[in-house]
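S.K.: Contents of run.cif (mmCIF, C-alpha atoms, pLDDT in the B column; chains and numbers go by the auth columns):
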data_coords
#
loop_
_atom_site.group_PDB
_atom_site.id
_atom_site.type_symbol
_atom_site.label_atom_id
_atom_site.label_comp_id
_atom_site.label_asym_id
_atom_site.label_seq_id
_atom_site.Cartn_x
_atom_site.Cartn_y
_atom_site.Cartn_z
_atom_site.B_iso_or_equiv
_atom_site.auth_seq_id
_atom_site.auth_asym_id
ATOM 1 C CA MET A 1 0.216 -18.647 -15.665 39.00 10 R
ATOM 2 C CA ASN A 2 0.166 -16.769 -18.956 44.00 11 R
ATOM 3 C CA ALA A 3 -1.708 -13.466 -19.077 46.00 12 R
ATOM 4 C CA VAL A 4 -4.962 -13.467 -21.017 48.00 13 R
ATOM 5 C CA VAL A 5 -4.939 -10.939 -23.851 49.00 14 R
ATOM 6 C CA TYR A 6 -8.389 -9.676 -24.809 53.00 15 R
ATOM 7 C CA PRO A 7 -9.179 -8.355 -28.274 58.00 16 R
ATOM 8 C CA VAL A 8 -9.924 -4.643 -28.568 67.00 17 R
ATOM 9 C CA PRO A 9 -13.125 -4.485 -30.650 75.00 18 R
ATOM 10 C CA VAL A 10 -13.613 -0.962 -32.000 88.00 19 R
ATOM 11 C CA GLY A 11 -15.201 0.240 -35.208 91.00 20 R
ATOM 12 C CA PHE A 12 -15.424 3.715 -36.704 95.00 21 R
ATOM 13 C CA ASP A 13 -16.075 5.614 -39.918 96.00 22 R
ATOM 14 C CA TYR A 14 -14.902 9.108 -38.987 97.00 23 R
ATOM 15 C CA VAL A 15 -13.697 11.258 -36.093 98.00 24 R
ATOM 16 C CA LEU A 16 -16.123 13.545 -34.265 98.00 25 R
ATOM 17 C CA ILE A 17 -14.041 16.310 -32.663 98.00 26 R
ATOM 18 C CA LEU A 18 -15.805 18.131 -29.837 98.00 27 R
ATOM 19 C CA GLU A 19 -13.725 21.172 -28.894 98.00 28 R
ATOM 20 C CA TRP A 20 -14.745 22.641 -25.524 97.00 29 R
ATOM 21 C CA LEU A 21 -12.065 25.131 -24.565 95.00 30 R
ATOM 22 C CA GLY A 22 -11.723 28.586 -23.057 92.00 31 R
ATOM 23 C CA GLU A 23 -11.540 31.764 -25.106 91.00 32 R
ATOM 24 C CA ASP A 24 -7.797 32.135 -24.538 91.00 33 R
ATOM 25 C CA ASP A 25 -6.907 28.524 -25.298 92.00 34 R
ATOM 26 C CA VAL A 26 -5.094 27.427 -28.421 93.00 35 R
ATOM 27 C CA ARG A 27 -7.653 25.912 -30.793 95.00 36 R
ATOM 28 C CA THR A 28 -6.275 22.395 -30.603 95.00 37 R
ATOM 29 C CA GLY A 29 -9.480 20.914 -32.002 96.00 38 R
ATOM 30 C CA VAL A 30 -9.098 23.025 -35.139 97.00 39 R
ATOM 31 C CA GLN A 31 -5.488 21.930 -35.447 97.00 40 R
ATOM 32 C CA LEU A 32 -6.416 18.263 -35.141 97.00 41 R
ATOM 33 C CA HIS A 33 -9.196 18.633 -37.706 98.00 42 R
ATOM 34 C CA GLU A 34 -6.787 20.211 -40.183 97.00 43 R
ATOM 35 C CA PHE A 35 -4.238 17.460 -39.569 98.00 44 R
ATOM 36 C CA LEU A 36 -6.782 14.684 -40.106 98.00 45 R
ATOM 37 C CA GLN A 37 -7.705 16.199 -43.456 97.00 46 R
ATOM 38 C CA THR A 38 -4.060 16.052 -44.564 97.00 47 R
ATOM 39 C CA ILE A 39 -3.905 12.289 -43.915 97.00 48 R
ATOM 40 C CA GLY A 40 -7.281 11.544 -45.490 96.00 49 R
ATOM 41 C CA PHE A 41 -9.124 10.777 -42.248 97.00 50 R
ATOM 42 C CA ARG A 42 -12.762 11.917 -42.446 97.00 51 R
ATOM 43 C CA ALA A 43 -13.663 14.162 -39.533 98.00 52 R
ATOM 44 C CA GLU A 44 -16.414 16.432 -38.264 98.00 53 R
ATOM 45 C CA PHE A 45 -15.528 19.402 -36.082 98.00 54 R
ATOM 46 C CA VAL A 46 -17.904 20.937 -33.520 98.00 55 R
ATOM 47 C CA VAL A 47 -17.131 23.976 -31.386 97.00 56 R
ATOM 48 C CA CYS A 48 -18.822 23.603 -27.996 97.00 57 R
ATOM 49 C CA LYS A 49 -19.453 26.555 -25.709 95.00 58 R
ATOM 50 C CA SER A 50 -21.367 24.680 -23.020 95.00 59 R
ATOM 51 C CA TRP A 51 -22.346 21.281 -21.684 95.00 60 R
ATOM 52 C CA GLU A 52 -25.544 21.565 -23.718 96.00 61 R
ATOM 53 C CA ASP A 53 -23.467 21.785 -26.912 97.00 62 R
ATOM 54 C CA ILE A 54 -21.655 18.553 -25.982 97.00 63 R
ATOM 55 C CA GLU A 55 -25.001 16.936 -25.309 97.00 64 R
ATOM 56 C CA GLN A 56 -26.548 18.062 -28.590 98.00 65 R
ATOM 57 C CA ALA A 57 -23.513 16.999 -30.632 98.00 66 R
ATOM 58 C CA LEU A 58 -23.584 13.449 -29.239 98.00 67 R
ATOM 59 C CA ILE A 59 -27.334 13.135 -29.760 97.00 68 R
ATOM 60 C CA ALA A 60 -26.916 14.366 -33.340 97.00 69 R
ATOM 61 C CA ALA A 61 -24.143 11.828 -33.973 97.00 70 R
ATOM 62 C CA ARG A 62 -26.378 9.024 -32.732 96.00 71 R
ATOM 63 C CA ASN A 63 -29.301 10.180 -34.885 96.00 72 R
ATOM 64 C CA ALA A 64 -27.082 10.481 -37.962 96.00 73 R
ATOM 65 C CA ALA A 65 -25.358 7.112 -37.548 95.00 74 R
ATOM 66 C CA ASP A 66 -27.277 5.407 -40.356 94.00 75 R
ATOM 67 C CA GLY A 67 -26.068 7.959 -42.886 95.00 76 R
ATOM 68 C CA GLU A 68 -22.777 9.220 -41.469 95.00 77 R
ATOM 69 C CA GLY A 69 -21.527 6.068 -39.801 96.00 78 R
ATOM 70 C CA ILE A 70 -19.984 5.586 -36.387 96.00 79 R
ATOM 71 C CA PRO A 71 -17.511 8.153 -35.065 97.00 80 R
ATOM 72 C CA ILE A 72 -14.555 8.063 -32.789 97.00 81 R
ATOM 73 C CA VAL A 73 -15.747 10.532 -30.149 98.00 82 R
ATOM 74 C CA HIS A 74 -12.770 12.834 -29.586 98.00 83 R
ATOM 75 C CA ILE A 75 -13.066 15.461 -26.826 98.00 84 R
ATOM 76 C CA GLU A 76 -10.641 18.408 -26.721 97.00 85 R
ATOM 77 C CA THR A 77 -11.027 20.020 -23.310 96.00 86 R
ATOM 78 C CA HIS A 78 -9.525 20.373 -19.825 94.00 87 R
ATOM 79 C CA GLY A 79 -9.764 17.849 -17.015 91.00 88 R
ATOM 80 C CA ALA A 80 -9.524 18.176 -13.263 88.00 89 R
ATOM 81 C CA ASN A 81 -6.956 16.373 -11.148 85.00 90 R
ATOM 82 C CA PRO A 82 -8.771 13.445 -9.444 80.00 91 R
ATOM 83 C CA TRP A 83 -6.440 13.736 -6.460 72.00 92 R
ATOM 84 C CA VAL A 84 -7.751 17.221 -5.634 72.00 93 R
ATOM 85 C CA GLY A 85 -11.206 17.993 -4.229 61.00 94 R
ATOM 86 C CA ASP A 86 -14.078 15.790 -3.146 59.00 95 R
ATOM 87 C CA ALA A 87 -13.714 12.348 -4.743 54.00 96 R
ATOM 88 C CA ASP A 88 -17.349 11.527 -4.032 53.00 97 R
ATOM 89 C CA ALA A 89 -18.482 14.493 -6.140 56.00 98 R
ATOM 90 C CA GLY A 90 -16.808 13.115 -9.271 70.00 99 R
ATOM 91 C CA VAL A 91 -14.026 14.349 -11.554 81.00 100 R
ATOM 92 C CA GLU A 92 -14.862 17.441 -13.613 88.00 101 R
ATOM 93 C CA PHE A 93 -13.990 18.413 -17.164 92.00 102 R
ATOM 94 C CA GLY A 94 -14.431 21.547 -19.252 92.00 103 R
ATOM 95 C CA PRO A 95 -12.865 25.008 -19.623 91.00 104 R
ATOM 96 C CA ASP A 96 -14.147 26.272 -16.256 87.00 105 R
ATOM 97 C CA LEU A 97 -13.408 23.576 -13.712 73.00 106 R
ATOM 98 C CA ASP A 98 -15.022 25.599 -10.930 74.00 107 R
ATOM 99 C CA SER A 99 -18.452 25.059 -12.496 74.00 108 R
ATOM 100 C CA ALA A 100 -17.857 22.057 -14.736 82.00 109 R
ATOM 101 C CA PRO A 101 -19.837 18.856 -15.260 90.00 110 R
ATOM 102 C CA VAL A 102 -18.360 15.541 -14.203 91.00 111 R
ATOM 103 C CA TRP A 103 -17.192 12.927 -16.701 92.00 112 R
ATOM 104 C CA ALA A 104 -19.907 10.586 -15.447 91.00 113 R
ATOM 105 C CA ARG A 105 -22.588 12.724 -17.140 93.00 114 R
ATOM 106 C CA LEU A 106 -21.349 11.468 -20.507 95.00 115 R
ATOM 107 C CA GLY A 107 -22.586 7.942 -19.749 94.00 116 R
ATOM 108 C CA PRO A 108 -26.244 8.332 -20.817 94.00 117 R
ATOM 109 C CA LEU A 109 -25.148 10.226 -23.959 96.00 118 R
ATOM 110 C CA LEU A 110 -22.455 7.806 -25.093 96.00 119 R
ATOM 111 C CA ALA A 111 -24.400 4.623 -24.339 95.00 120 R
ATOM 112 C CA PRO A 112 -26.954 4.938 -27.196 95.00 121 R
ATOM 113 C CA LEU A 113 -24.139 5.688 -29.635 96.00 122 R
ATOM 114 C CA ASN A 114 -22.221 2.657 -28.392 95.00 123 R
ATOM 115 C CA VAL A 115 -25.324 0.520 -28.961 94.00 124 R
ATOM 116 C CA ARG A 116 -25.571 1.850 -32.527 94.00 125 R
ATOM 117 C CA ALA A 117 -21.897 0.992 -32.945 94.00 126 R
ATOM 118 C CA GLY A 118 -22.498 -2.618 -31.965 93.00 127 R
ATOM 119 C CA PHE A 119 -20.704 -1.952 -28.666 92.00 128 R
ATOM 120 C CA ARG A 120 -17.502 -0.974 -30.469 93.00 129 R
ATOM 121 C CA LEU A 121 -17.393 2.768 -29.718 96.00 130 R
ATOM 122 C CA LEU A 122 -13.990 4.373 -29.144 97.00 131 R
ATOM 123 C CA VAL A 123 -13.711 7.564 -27.051 97.00 132 R
ATOM 124 C CA VAL A 124 -10.553 9.702 -26.966 98.00 133 R
ATOM 125 C CA SER A 125 -10.164 12.260 -24.164 96.00 134 R
ATOM 126 C CA ALA A 126 -7.548 14.834 -25.161 96.00 135 R
ATOM 127 C CA ALA A 127 -7.317 16.460 -21.743 94.00 136 R
ATOM 128 C CA CYS A 128 -5.205 16.376 -18.633 94.00 137 R
ATOM 129 C CA TRP A 129 -6.494 13.474 -16.514 93.00 138 R
ATOM 130 C CA GLY A 130 -8.728 12.539 -19.472 93.00 139 R
ATOM 131 C CA SER A 131 -9.038 8.938 -18.289 91.00 140 R
ATOM 132 C CA GLY A 132 -11.716 10.351 -16.030 91.00 141 R
ATOM 133 C CA VAL A 133 -14.119 9.576 -18.877 92.00 142 R
ATOM 134 C CA ILE A 134 -14.291 5.991 -17.614 90.00 143 R
ATOM 135 C CA ALA A 135 -16.482 7.308 -14.792 89.00 144 R
ATOM 136 C CA ALA A 136 -19.239 7.271 -17.430 89.00 145 R
ATOM 137 C CA ILE A 137 -19.474 3.524 -16.818 87.00 146 R
ATOM 138 C CA ASP A 138 -21.168 4.002 -13.446 74.00 147 R
ATOM 139 C CA ALA A 139 -23.375 6.919 -14.442 61.00 148 R
ATOM 140 C CA GLY A 140 -26.787 5.278 -14.089 70.00 149 R
ATOM 141 C CA ASP A 141 -28.861 2.476 -15.555 81.00 150 R
ATOM 142 C CA HIS A 142 -27.780 2.334 -19.190 85.00 151 R
ATOM 143 C CA PRO A 143 -25.687 0.091 -21.458 89.00 152 R
ATOM 144 C CA ALA A 144 -21.912 0.406 -21.562 90.00 153 R
ATOM 145 C CA PRO A 145 -20.919 3.882 -22.804 93.00 154 R
ATOM 146 C CA PHE A 146 -18.031 2.675 -24.974 94.00 155 R
ATOM 147 C CA ALA A 147 -15.889 -0.342 -25.753 93.00 156 R
ATOM 148 C CA CYS A 148 -12.589 1.457 -25.209 94.00 157 R
ATOM 149 C CA ALA A 149 -11.353 4.852 -24.103 95.00 158 R
ATOM 150 C CA VAL A 150 -7.978 6.512 -24.623 97.00 159 R
ATOM 151 C CA GLY A 151 -7.005 9.212 -22.143 95.00 160 R
ATOM 152 C CA LEU A 152 -4.321 10.735 -19.973 95.00 161 R
ATOM 153 C CA ARG A 153 -3.774 9.528 -16.423 94.00 162 R
ATOM 154 C CA THR A 154 -1.608 12.575 -15.756 94.00 163 R
ATOM 155 C CA LYS A 155 -1.396 16.215 -16.656 93.00 164 R
ATOM 156 C CA VAL A 156 0.265 16.908 -19.998 93.00 165 R
ATOM 157 C CA THR A 157 1.806 19.793 -21.893 92.00 166 R
ATOM 158 C CA GLU A 158 -0.108 21.117 -24.895 90.00 167 R
ATOM 159 C CA GLY A 159 2.643 20.430 -27.425 92.00 168 R
ATOM 160 C CA ARG A 160 3.238 16.874 -26.276 95.00 169 R
ATOM 161 C CA LEU A 161 -0.469 16.092 -26.284 95.00 170 R
ATOM 162 C CA ARG A 162 -0.842 17.445 -29.809 95.00 171 R
ATOM 163 C CA ALA A 163 2.038 15.263 -31.012 97.00 172 R
ATOM 164 C CA ALA A 164 0.594 12.200 -29.274 97.00 173 R
ATOM 165 C CA MET A 165 -2.865 12.699 -30.790 98.00 174 R
ATOM 166 C CA ARG A 166 -1.435 13.100 -34.276 98.00 175 R
ATOM 167 C CA GLU A 167 0.546 9.900 -33.874 98.00 176 R
ATOM 168 C CA LEU A 168 -2.506 8.064 -32.540 98.00 177 R
ATOM 169 C CA TYR A 169 -4.608 8.967 -35.574 98.00 178 R
ATOM 170 C CA ARG A 170 -1.784 8.478 -38.036 97.00 179 R
ATOM 171 C CA ARG A 171 -1.485 4.900 -36.850 96.00 180 R
ATOM 172 C CA LEU A 172 -5.269 4.367 -36.725 95.00 181 R
ATOM 173 C CA ARG A 173 -5.484 5.592 -40.322 94.00 182 R
ATOM 174 C CA ASP A 174 -3.007 2.836 -41.279 93.00 183 R
ATOM 175 C CA ASP A 175 -5.223 0.177 -39.621 90.00 184 R
ATOM 176 C CA THR A 176 -2.669 -0.477 -36.902 92.00 185 R
ATOM 177 C CA PRO A 177 -4.091 -2.429 -33.923 92.00 186 R
ATOM 178 C CA LEU A 178 -5.365 -0.041 -31.270 93.00 187 R
ATOM 179 C CA VAL A 179 -2.979 -1.275 -28.569 94.00 188 R
ATOM 180 C CA GLU A 180 -0.034 -0.462 -30.835 95.00 189 R
ATOM 181 C CA CYS A 181 -1.527 2.919 -31.757 95.00 190 R
ATOM 182 C CA VAL A 182 -1.682 3.943 -28.116 96.00 191 R
ATOM 183 C CA ALA A 183 1.824 2.660 -27.423 97.00 192 R
ATOM 184 C CA SER A 184 3.149 4.680 -30.352 97.00 193 R
ATOM 185 C CA ALA A 185 1.315 7.805 -29.162 98.00 194 R
ATOM 186 C CA GLN A 186 2.730 7.317 -25.657 97.00 195 R
ATOM 187 C CA ARG A 187 6.238 7.604 -27.065 97.00 196 R
ATOM 188 C CA GLU A 188 5.430 11.181 -28.123 97.00 197 R
ATOM 189 C CA LEU A 189 4.815 12.236 -24.525 97.00 198 R
ATOM 190 C CA GLY A 190 7.320 13.566 -22.018 94.00 199 R
ATOM 191 C CA ALA A 191 8.622 12.119 -18.780 94.00 200 R
ATOM 192 C CA GLY A 192 5.852 11.508 -16.270 94.00 201 R
ATOM 193 C CA GLU A 193 3.069 11.886 -18.868 95.00 202 R
ATOM 194 C CA GLU A 194 0.965 8.748 -19.319 96.00 203 R
ATOM 195 C CA LEU A 195 -1.566 7.887 -22.009 96.00 204 R
ATOM 196 C CA ARG A 196 -3.619 4.767 -21.368 94.00 205 R
ATOM 197 C CA LEU A 197 -6.028 2.532 -23.229 94.00 206 R
ATOM 198 C CA GLU A 198 -8.956 1.551 -21.034 90.00 207 R
ATOM 199 C CA VAL A 199 -10.876 -1.523 -22.250 89.00 208 R
ATOM 200 C CA ILE A 200 -14.281 -1.862 -20.666 82.00 209 R
ATOM 201 C CA VAL A 201 -14.170 -5.645 -20.334 64.00 210 R
ATOM 202 C CA GLU A 202 -10.863 -5.396 -18.475 60.00 211 R
ATOM 203 C CA LEU A 203 -12.214 -2.710 -16.159 58.00 212 R
ATOM 204 C CA ALA A 204 -15.179 -4.931 -15.336 50.00 213 R
ATOM 205 C CA MET A 205 -12.936 -7.904 -14.580 46.00 214 R
ATOM 206 C CA ARG A 206 -10.767 -5.850 -12.207 48.00 215 R
ATOM 207 C CA GLY A 207 -13.839 -4.974 -10.174 49.00 216 R
ATOM 208 C CA CYS A 208 -12.463 -1.499 -9.493 49.00 217 R
ATOM 209 C CA SER A 209 -14.445 1.700 -9.224 49.00 218 R
ATOM 210 C CA PRO A 210 -13.928 4.184 -12.078 48.00 219 R
ATOM 211 C CA LEU A 211 -12.196 6.669 -9.769 44.00 220 R
ATOM 212 C CA CYS A 212 -9.732 4.010 -8.604 47.00 221 R
ATOM 213 C CA THR A 213 -8.862 3.300 -12.216 43.00 222 R
ATOM 214 C CA VAL A 214 -8.426 6.986 -13.050 43.00 223 R
ATOM 215 C CA VAL A 215 -5.825 7.501 -10.350 40.00 224 R
ATOM 216 C CA GLY A 216 -4.082 4.230 -11.075 40.00 225 R
ATOM 217 C CA VAL A 217 -5.121 2.235 -8.009 36.00 226 R
ATOM 218 C CA TYR A 218 -6.176 -1.353 -8.734 33.00 227 R
ATOM 219 C CA CYS A 219 -7.835 -4.037 -6.643 30.00 228 R
#
Could you spell out this file's structure in structure tokens?

M.R.:
Amino acid sequence: MNAVVYPVPVGFDYVLILEWLGEDDVRTGVQLHEFLQTIGFRAEFVVCKSWEDIEQALIAARNAADGEGIPIVHIETHGANPWVGDADAGVEFGPDLDSAPVWARLGPLLAPLNVRAGFRLLVVSAACWGSGVIAAIDAGDHPAPFACAVGLRTKVTEGRLRAAMRELYRRLRDDTPLVECVASAQRELGAGEELRLEVIVELAMRGCSPLCTVVGVYC
């Protein structure tokens, strides 16, 4: 039987870069913002110092959608290894993983923006184990938080991740299909580093929990 290939319906007008890093980290969000300007990709850059800053930035993007359009929500941060710790507690993200929120908390914030986007919102998690963002799907009684998410299912080196993100947006800027954009970005990564496109309709059809999908275990 032939595999069924589902379309990847995303729509965007600009990139919203949310940089939530530690004081000693390289400012990768700044670097991405500067790169996007060189290729003519409209972007907004927000430095976040706390979970509340992430929250406020996403609410502001939703409220400004009529005038500014729909963003790609791009998060520059750190992510915890889903294989370590208490799986039932959720997978954390942020510069201080000892006191970090879990990816699931993004669900109620992304859902209204996805509704405004006509259920075509794209989220990019530029973080080790960034595919943890799909846990936002099960984060309460709200609409789907995005149509698609791009994130790492592994840890990744800073330089390789930067190269992959630049390639991803270079191809998106050229109107390349999203599946091909992710495949091209994957080729910029090193051995054992994996970037994946998660499509919400496919996740639903697998019937897997978000954590199972993050660690690569399928029903």

S.K.: Return as a PyMOL selection string the set of residues that the PyMOL selection byres ((chain R and resi 26) around 8) yields on the displayed structure.

M.R.: chain R and resi 24-25+27-28+38+42+52-55+82-85

S.K.: For the structure shown, which residues end up in the PyMOL selection byres ((chain R and resi 182) around 10)? Put them as an mmCIF file with C-alpha atoms, in the frame of the given file, please?

M.R.:
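The resulting result_34.cif:
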data_model
loop_
_atom_site.group_PDB
_atom_site.id
_atom_site.type_symbol
_atom_site.label_atom_id
_atom_site.label_comp_id
_atom_site.auth_asym_id
_atom_site.auth_seq_id
_atom_site.Cartn_x
_atom_site.Cartn_y
_atom_site.Cartn_z
ATOM 1 C CA LEU R 45 -6.782 14.684 -40.106
ATOM 2 C CA ILE R 48 -3.905 12.289 -43.915
ATOM 3 C CA GLY R 49 -7.281 11.544 -45.490
ATOM 4 C CA PHE R 50 -9.124 10.777 -42.248
ATOM 5 C CA ARG R 51 -12.762 11.917 -42.446
ATOM 6 C CA GLU R 176 0.546 9.900 -33.874
ATOM 7 C CA LEU R 177 -2.506 8.064 -32.540
ATOM 8 C CA TYR R 178 -4.608 8.967 -35.574
ATOM 9 C CA ARG R 179 -1.784 8.478 -38.036
ATOM 10 C CA ARG R 180 -1.485 4.900 -36.850
ATOM 11 C CA LEU R 181 -5.269 4.367 -36.725
ATOM 12 C CA ASP R 183 -3.007 2.836 -41.279
ATOM 13 C CA ASP R 184 -5.223 0.177 -39.621
ATOM 14 C CA THR R 185 -2.669 -0.477 -36.902
ATOM 15 C CA CYS R 190 -1.527 2.919 -31.757
#

S.K.: Can you spell out as an NGL selection string the set of residues that the PyMOL selection byres ((chain R and resi 162) around 12) selects in the structure I just provided?

M.R.: :R and (88-92 or 134-143 or 158-161 or 163-165 or 195 or 201-207 or 220-226)

S.K.: Pick the closest to R:Ala156 from R:Ala194, R:Ile81, R:Ala69, R:Leu130: which is it, counting only C-alpha atoms?

M.R.: R:Leu130

S.K.: What is the atom CA of R:Pro80 to atom CA of R:Val35 distance in Å?

M.R.: 23.9 Å

S.K.: Nearest to R:Gln65 among R:Leu118, R:Asp34, R:Gly168, R:Leu187, with distances taken over all atoms listed in the file: which residue is it?

M.R.: R:Leu118

S.K.: Between atom CA of R:Ala120 and atom CA of R:Ala153, what is the distance, to one decimal in Å?

M.R.: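 Going from atom CA of R:Ala120 over to atom CA of R:Ala153 covers 5.6 Å.
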